[in-house]
Amino acid sequence: MGRRWQMMISERRRRRWWQSAAGLLLLLSVILANLGLAGTVLAFLPPSEQPGGNYTYFVQRSREKRARGKREQAAAKETARELRRQNWQRFIRRQGNSGAWQVSSWNTITGTPHRVSRITPPSFGEGVWRRLFGSEDELIDYATRFVEENKDLFRLGESEIQLVRVAEQSGIFYIDFQQVYQNIPVYGSRIWFQFDDSYRLLSFGADSYPGIEELETRPLIDKIKARQIVSEHLGTSSPAESDGESQSELVILPARFEDDLEYFLVWMLDMPGGIWRYFVDARSGQIISRLRRSRAGISGTIRGKVLPQFYNDSPAEVGLPDLYVYLMNKNEPIFQALFEDSNTPPADWKAQGLWGYGQPTPPADLSGLMASGHGGPLDPDRGHTGQKVFGYNLAGDYTNLMRPTYLTTPPISFTPSSGSKPILRFWRWLGVYKEYSEDDSGNRTSFDRASVEISANRGITWDTVWSNATSQIEDPFYLEGSSGWNLQIFDVSPFINDSSQEIRLRWGMGPTDSSGIFSGWNIDDIDILESLINPNDTVRGNFKTDASGNFQFPATWPGKNVFPNKLVIAAKLAGKYVEVYNEDSWDAVWVVENINDPNFQDPNYTYFIWDPENPNNAIAPADPDSLSVYFRISSYNELNVYYHINRMLRYIKEIDSKYDGMWRGGKKGPIKAVVKWGDYYTNAFWTPENRIYFGEGDGKVDGYRDFSLFADIIYHEYTHAITESFYSFFLPPADPGLATTSTDTTTQQPQLTTELDAMHEAFSDYWAAALTHDPANGIDGAKIGDGGFWIGHDYVRNINTDEDRPLKYPDDYGDDAYANSLILSQAMWDVRKKLAAEGREKIADIIFHKARYAGSTSFCDYLQAVLDQESRLYHDPNTAIMIKDQFGKHGISRIPLAPTNPVATVSDRAVHLTWEAPPDEDIVGYHVYYRTENDIETSREDPSVQKDAGNTTSFTITGLTNETTYVLKVKSYNKYGTESESSDYVYATPYDPKTRSGIVYQENDSSLGTCFISAIRMR
Ligand SMILES: [Zn+2]
C-alpha cells in the first residue's frame, strides 16, 4: 500500500571517530535477568520522543568504548558539537537567508537537527519553499531534493531515505521518511517535513543515524531461528510463522550507551499478543533488547456478537461501548463470607424462618414434593465451593403465602473512600416460581419474590439492590452444562453515602402467593470488594470502554499501593447509559480473577467476546491462587439491546453535543432494559421509571417474534426514552393538540389520545427508520417491524408516503395514536428522503432531533420548531420551503392569520361580504361560510356552506332566501389548504329592496376555540 520513495545520498564515505572500533562489535553475552538489570539498564535511542523506561537491555556496550576514558569522551563530544555547528552554518549559507530558520532542538546523540522551524512565518513567494500550485508528488520531490542538497546536515552518509507517510490535516501536509541502509530500515529513524497549504515549508527535522557503514548487513541466522530464541526466552512454544500474529523484519538497531551509538543488525520480532517486541542480533543470535509495546497497566477489549437488523441475520462482532469495567482489589475485601470452614453458622448472622446454614440436602423422593406443589429445580447438594451454604430450607422448598423472611449479615463496617466503590459479589442457586394473578385492570398483583437488599442506616430502611420483579427464576436450568451456580455482581455505591459507617445486607425470601413452590435461595461465596475508580474521571469515577470496547487501567494510582496484588477485572452488561437484564436467564458476566501483574495483558483474558453460540459458562476457579476466568452470555437479546441503544445514543450525541443521554424525568442514571419479558408477551414498551421492556413474543402466525431481536424495535422504544427526556418538563401537556378519545385495549377504559402521543410514536418510527436505512444494501428502513417480526406480514407500519394519496392532517386523524403518527412520520421521512438524495440526510436528523427541545405538543407547533432549527442552523431558504412543502402535503402547516372586519351588505336574495386581508404572505385565498340563523340557534357549529372566494377580499353570495337571517364568516387558507381561524361572525338578512331595508350586524365571539379544535369541527 502506498508509494515508496527512495533516493540515493551520494555522499562520499567518511570515517568518523565513532567508527574507530572497526570490525566486530564485541558482544558480551551477558543475558541479564529482568530484575537484575536495575543498575545497568541503559537508555535506548531512537525515538527520542518516546516515553522512556520501556526498553530492557541485554547487552553492554563494546569493550573498546567502555575502555575509553572520560577525557576521550569529552573530546569526542566537543568534536561532535563543532561538526554540528559547521553543518548548520553551511545549511544557512545555502539557504541564502540566515534569518529564516532556527534549530529548536538538536538530537545530541546523532548530531542531527531534531526540529528546525521558521523564525518568521513564511511570506508569499519566499525562498526555495516557494510553491503555490502542485501535487503531493511535487512536495515529496521537493523534500527529497531538500535532503539531498543538505545531506551533511542530515548526516546520512551512504544511507538512503524511504517515504513512509504522506498526510494532510487541517491544511498542513506531513511528509515522513525513514533512513534505510542497503535497503535495511534503520529502526527509529525519521526525517520529516511539514508544509502549509500553499506548499511552503514550515518546519522539518531529522533523527537520522551517521556512521552505519561499518555494519555487516548479511544475517547469519534466519528469522525462524530468531523466533525460537525469543520463544525460549519467553518460555512459550514457538508460534508458527503463518499464525498471522507475529511479525518479523530485519532492521538496523541503533543502541545508545550513554552518549555513544552502536548499531546492530537485528531481527525485530513482534510477538503474538502485541505485548513484546524483541530485537535479536541477526548475526550472533543474541537478544539485544526487548520493548514492552503496550502502555503499562491493564487494558483489554470487550466485544460481543449482535444481530445487525433482523432476528435471522448473521451475527456481527462489535465493540461494546460505554460499558463499566470494574478493577477490584481482592487482597483486602471489605467483607467476605465463604461458608466453608465451620460446622457452625458464622457469627452474628440473623436467619429468620427456615433460613439455615449447612450442606443442602435436596429430597431424594420427589413424589411428596410434587404433591405439595413443587416445581422447577431442586436445591443443590453442595456449595459453589465447599459443602456449605446459607439457604432457605436446605432440605426443600419455601412455602406458600410466606411473608418476607430474611437472612441478614452482621454489620459490615464501611469507610467510604473517594478512591474506591464497593462491589457486591455472591453466587446464587435460586428457584422462584411465578404465577400471575391479575386485578381488574390486568395488572399483575401476585407472584413469588426473592430479593437482595441493603441498609446503610443500621437496618432502619432498606433499598432493593435486586429482585426478581415478575420473573420466574430457575438458575440450574438456564445454561446447559453449567454447575447451576450463578455469579451475581452489583455496584452498591448508589445506596451508600459519604456518612455511611456500616452497611448490612439481607436476602429476602417472599412474599409468596398461593400457587406453586420452588427451591428458593442458596447462597455461597459472598464478598464485597473495593473497586478502584478512575482518578481521571470526574463524572462517576468509573472505567468505561471506549467506542470500540477498549478499556485501560493505569498501573499506578495516586496515593494507593494496589500492585502487585490479587486483582479482579469484572464487567456485566451495565454501562453508563444502559443496563440490560434478561428475565429468562442469567445476565451476562465476565470476570478475571487473581491478577497480580500490573501489566497484565494476556489477550486470552483481556480480549474477550460475549458470543451466545459459545457461552463458555462456568469456568470455575479450580485453584483460587491462580488466574481464573468466568464468563457467560445466554442470548443475543441482551447484546442486541445493549449495542443498538448505545449505537443510537452515540449518534444522537454526535449530532447534539448537549445531549447527555440521561433521562431527566426521575433520578439520573442509565436506562434499564429488560429482555424476554413476560410469558409470550407481544409488545415492547417504555415506562417513566426509565425502563424498557421487550416481550419475548409468541412466535405465532399473526403474532410476533422476540422483540429484542430486531434493531428497529429497539430504536423505536429507546426513542421514546429520548423524546420523553425533553417532554418530562411539561406534564400535563400544556396544549393537548388534537385530542381524541379511544378505548385502551388493555384496560377497556376510555383514554385520551393527544397529538403528543402520535408525535411520540412518529419520532420513534422516524428514528427506527433513520438508523436502519441502508439503501446501498437494499434495506428500506421506512418499514417498521419488518424482517419477519410480525409473523405472516411484511411489516407493522410503513412511513413511506403513498404519493397517490398522502395521509393528511386533519382528514386522516382519528382516535388511534399509531395511525395518527403516520401523518407526521411520513412527512418527516419525506423530508429525510429529499435531503438524502443530496447526501444531506443528517441535516434532517439534526433539525428533527433538536426541534424536540421546543417541547411542542401539536404537529403544527412541531413544524414551526423544525423550521426554527433549520433557520438557526442552516438558514437555507430552499430547505425551509422543501420542509414546508413536504409537511404541507400531509396537511401540516402553519395556521394562516384570520381575516378581519367582515362587513355584509344585502340586496335581493344576495349578501355581499367584504373583509380585510391579514398581513400574512402565506395566504393564497379565502373561504366564505354561511348558514341560516336557525341552524345557529340549535348549534354553535360553524356555518356549513363553503364558498371559495379566491385570493380577493370580497365575495357575493346569491340565490339566498329573502327575509331569512344568515350567519357568515371568512377564513383564509394557505397553499396547502390549511385554514385560519374564522373571522368574526356577521349576520345578514337579504330582502327585496322594494319592501324594506336590510339588517346587518357583527358578533365578536372569542369563545369558539382555538387553532385546531375549531378548524376540525368545521369538517
Ligand atoms: Zn411506540
# chains A, B, ... in the order shown; residues from 1 in each chain; ligands from 1

call {"tool": "select_by_dssp", "arguments": {"residues": "segment 841-886 of chain A", "states": "alpha helix (DSSP H)", "output": "short mmCIF file (atom, residue, chain, number, x, y, z; two decimals) with N, CA, C and O atoms, in the first residue's frame"}}
result
data_model
loop_
_atom_site.label_atom_id
_atom_site.label_comp_id
_atom_site.auth_asym_id
_atom_site.auth_seq_id
_atom_site.Cartn_x
_atom_site.Cartn_y
_atom_site.Cartn_z
N GLU A 841 -28.95 13.79 4.48
CA GLU A 841 -29.99 13.32 5.39
C GLU A 841 -29.67 13.62 6.85
O GLU A 841 -30.58 13.74 7.67
N LYS A 842 -28.39 13.79 7.14
CA LYS A 842 -28.03 14.10 8.53
C LYS A 842 -28.64 15.42 8.98
O LYS A 842 -28.94 15.61 10.16
N ILE A 843 -28.82 16.34 8.02
CA ILE A 843 -29.44 17.62 8.36
C ILE A 843 -30.86 17.38 8.87
O ILE A 843 -31.30 17.99 9.85
N ALA A 844 -31.57 16.47 8.20
CA ALA A 844 -32.92 16.14 8.67
C ALA A 844 -32.86 15.61 10.10
O ALA A 844 -33.63 16.04 10.97
N ASP A 845 -31.92 14.68 10.34
CA ASP A 845 -31.82 14.11 11.69
C ASP A 845 -31.53 15.19 12.71
O ASP A 845 -32.09 15.21 13.81
N ILE A 846 -30.64 16.11 12.37
CA ILE A 846 -30.25 17.15 13.32
C ILE A 846 -31.42 18.06 13.66
O ILE A 846 -31.73 18.30 14.82
N ILE A 847 -32.11 18.55 12.64
CA ILE A 847 -33.18 19.51 12.95
C ILE A 847 -34.39 18.82 13.57
O ILE A 847 -35.02 19.37 14.46
N PHE A 848 -34.68 17.58 13.15
CA PHE A 848 -35.80 16.87 13.77
C PHE A 848 -35.49 16.54 15.23
O PHE A 848 -36.36 16.57 16.09
N HIS A 849 -34.24 16.19 15.49
CA HIS A 849 -33.88 15.92 16.89
C HIS A 849 -33.96 17.20 17.72
O HIS A 849 -34.60 17.25 18.76
N LYS A 850 -33.29 18.23 17.25
CA LYS A 850 -33.18 19.44 18.08
C LYS A 850 -34.51 20.14 18.25
O LYS A 850 -34.72 20.84 19.24
N PHE A 859 -48.63 18.80 15.98
CA PHE A 859 -47.89 18.67 14.72
C PHE A 859 -47.47 20.04 14.21
O PHE A 859 -46.35 20.26 13.75
N CYS A 860 -48.45 20.95 14.26
CA CYS A 860 -48.24 22.29 13.70
C CYS A 860 -47.12 23.03 14.43
O CYS A 860 -46.24 23.61 13.81
N ASP A 861 -47.15 22.95 15.78
CA ASP A 861 -46.10 23.61 16.55
C ASP A 861 -44.74 22.94 16.30
O ASP A 861 -43.70 23.61 16.28
N TYR A 862 -44.77 21.64 16.14
CA TYR A 862 -43.51 20.93 15.91
C TYR A 862 -42.90 21.37 14.58
O TYR A 862 -41.69 21.59 14.48
N LEU A 863 -43.76 21.54 13.56
CA LEU A 863 -43.24 22.03 12.28
C LEU A 863 -42.54 23.37 12.48
O LEU A 863 -41.46 23.62 11.94
N GLN A 864 -43.17 24.24 13.28
CA GLN A 864 -42.56 25.55 13.50
C GLN A 864 -41.20 25.39 14.19
O GLN A 864 -40.23 26.07 13.84
N ALA A 865 -41.13 24.47 15.14
CA ALA A 865 -39.85 24.23 15.84
C ALA A 865 -38.80 23.70 14.86
O ALA A 865 -37.62 24.06 14.95
N VAL A 866 -39.24 22.85 13.93
CA VAL A 866 -38.31 22.33 12.92
C VAL A 866 -37.80 23.47 12.04
O VAL A 866 -36.60 23.59 11.78
N LEU A 867 -38.72 24.34 11.62
CA LEU A 867 -38.31 25.46 10.77
C LEU A 867 -37.39 26.42 11.53
O LEU A 867 -36.44 26.96 10.96
N ASP A 868 -37.66 26.58 12.81
CA ASP A 868 -36.79 27.44 13.62
C ASP A 868 -35.37 26.87 13.66
O ASP A 868 -34.39 27.60 13.55
N GLN A 869 -35.28 25.55 13.86
CA GLN A 869 -33.95 24.93 13.90
C GLN A 869 -33.25 25.06 12.55
O GLN A 869 -32.05 25.35 12.49
N GLU A 870 -34.02 24.83 11.48
CA GLU A 870 -33.42 24.94 10.15
C GLU A 870 -32.86 26.35 9.95
O GLU A 870 -31.74 26.53 9.49
N SER A 871 -33.67 27.30 10.35
CA SER A 871 -33.27 28.69 10.15
C SER A 871 -32.03 29.03 10.98
O SER A 871 -31.10 29.67 10.50
N ARG A 872 -32.01 28.56 12.21
CA ARG A 872 -30.90 28.91 13.09
C ARG A 872 -29.62 28.19 12.67
O ARG A 872 -28.54 28.77 12.68
N LEU A 873 -29.75 26.93 12.27
CA LEU A 873 -28.55 26.13 12.00
C LEU A 873 -28.05 26.30 10.57
O LEU A 873 -26.84 26.30 10.33
N PRO A 877 -33.08 28.89 2.53
CA PRO A 877 -34.50 29.07 2.16
C PRO A 877 -35.05 27.89 1.38
O PRO A 877 -36.21 27.51 1.55
N ASN A 878 -34.22 27.28 0.54
CA ASN A 878 -34.73 26.17 -0.26
C ASN A 878 -35.09 24.98 0.62
O ASN A 878 -36.10 24.31 0.39
N THR A 879 -34.24 24.72 1.63
CA THR A 879 -34.56 23.63 2.55
C THR A 879 -35.83 23.95 3.32
O THR A 879 -36.70 23.09 3.48
N ALA A 880 -35.96 25.19 3.76
CA ALA A 880 -37.15 25.57 4.53
C ALA A 880 -38.41 25.38 3.69
O ALA A 880 -39.43 24.85 4.17
N ILE A 881 -38.34 25.80 2.44
CA ILE A 881 -39.52 25.64 1.57
C ILE A 881 -39.82 24.16 1.35
O ILE A 881 -40.97 23.73 1.39
N MET A 882 -38.76 23.38 1.14
CA MET A 882 -38.96 21.95 0.93
C MET A 882 -39.65 21.33 2.16
O MET A 882 -40.57 20.53 2.03
N ILE A 883 -39.18 21.71 3.35
CA ILE A 883 -39.80 21.15 4.56
C ILE A 883 -41.26 21.55 4.63
O ILE A 883 -42.14 20.71 4.89
N LYS A 884 -41.55 22.82 4.37
CA LYS A 884 -42.95 23.27 4.41
C LYS A 884 -43.79 22.49 3.41
O LYS A 884 -44.93 22.12 3.70
N ASP A 885 -43.22 22.27 2.22
CA ASP A 885 -43.99 21.58 1.18
C ASP A 885 -44.28 20.13 1.58
O ASP A 885 -45.38 19.63 1.37
N GLN A 886 -43.26 19.46 2.13
CA GLN A 886 -43.46 18.05 2.48
C GLN A 886 -44.45 17.91 3.64
O GLN A 886 -45.30 17.04 3.63
#

call {"tool": "residues_near_ligand", "arguments": {"ligand": "ligand 1", "cutoff": "7 Å", "atoms": "only C-alpha atoms and all ligand atoms", "output": "ChimeraX atom specification"}}
result
/A:685,716-717,720,760-761,764

call {"tool": "write_last_selection", "arguments": {"atoms": "N, CA and C atoms", "output": "compact mmCIF listing (two decimals), in the first residue's frame"}}
result
# COMPACT_ATOMS: atom_id res chain seq x y z
N PHE A 685 -42.31 -1.85 25.52
CA PHE A 685 -42.79 -0.55 25.97
C PHE A 685 -41.77 0.12 26.87
N HIS A 716 -36.96 2.14 18.17
CA HIS A 716 -38.27 2.75 18.42
C HIS A 716 -38.47 2.97 19.92
N GLU A 717 -38.23 1.95 20.70
CA GLU A 717 -38.50 2.08 22.14
C GLU A 717 -37.53 3.05 22.79
N HIS A 720 -38.50 6.61 22.47
CA HIS A 720 -39.49 7.08 23.46
C HIS A 720 -38.78 7.66 24.68
N HIS A 760 -45.00 11.19 19.69
CA HIS A 760 -44.09 10.23 20.31
C HIS A 760 -43.85 9.05 19.37
N GLU A 761 -44.95 8.48 18.87
CA GLU A 761 -44.81 7.32 18.00
C GLU A 761 -44.14 7.69 16.68
N SER A 764 -40.47 7.96 17.20
CA SER A 764 -39.87 6.64 17.39
C SER A 764 -39.74 5.90 16.07

call {"tool": "residues_around", "arguments": {"residues": "Ile109 of chain A", "least_positions_apart": "2", "cutoff": "9 Å", "atoms": "only C-alpha atoms", "output": "PyMOL selection string"}}
result
chain A and resi 45+80+106-107+111-112+209+256+259-261

call {"tool": "residues_around", "arguments": {"residues": "Trp829 of chain A", "least_positions_apart": "2", "cutoff": "8 Å", "atoms": "only C-alpha atoms", "output": "list in words"}}
result
Tyr766, Ala782, Ile799, Asn800, Ser825, Gln826, Ala827, Val831, Arg832 and Lys833 of chain A

call {"tool": "write_last_selection", "arguments": {"atoms": "C-alpha atoms", "output": "PDB file, in the first residue's frame"}}
result
ATOM      1  CA  TYR A 766     -38.649   8.041  12.229  1.00  0.00           C
ATOM      2  CA  ALA A 782     -39.083   3.015   6.342  1.00  0.00           C
ATOM      3  CA  ILE A 799     -43.535   5.564   6.965  1.00  0.00           C
ATOM      4  CA  ASN A 800     -43.137   5.835   3.217  1.00  0.00           C
ATOM      5  CA  SER A 825     -43.696  10.354  10.474  1.00  0.00           C
ATOM      6  CA  GLN A 826     -44.376  10.182   6.742  1.00  0.00           C
ATOM      7  CA  ALA A 827     -43.897  13.951   6.445  1.00  0.00           C
ATOM      8  CA  VAL A 831     -38.047  15.430   4.174  1.00  0.00           C
ATOM      9  CA  ARG A 832     -35.263  12.989   5.002  1.00  0.00           C
ATOM     10  CA  LYS A 833     -35.541  11.299   1.612  1.00  0.00           C
TER      11      LYS A 833
END

call {"tool": "closest_residue", "arguments": {"among": "A:Phe955, A:Tyr324, A:Trp466, A:Tyr142", "to": "Phe551 of chain A", "atoms": "only C-alpha atoms"}}
result
A:Tyr324
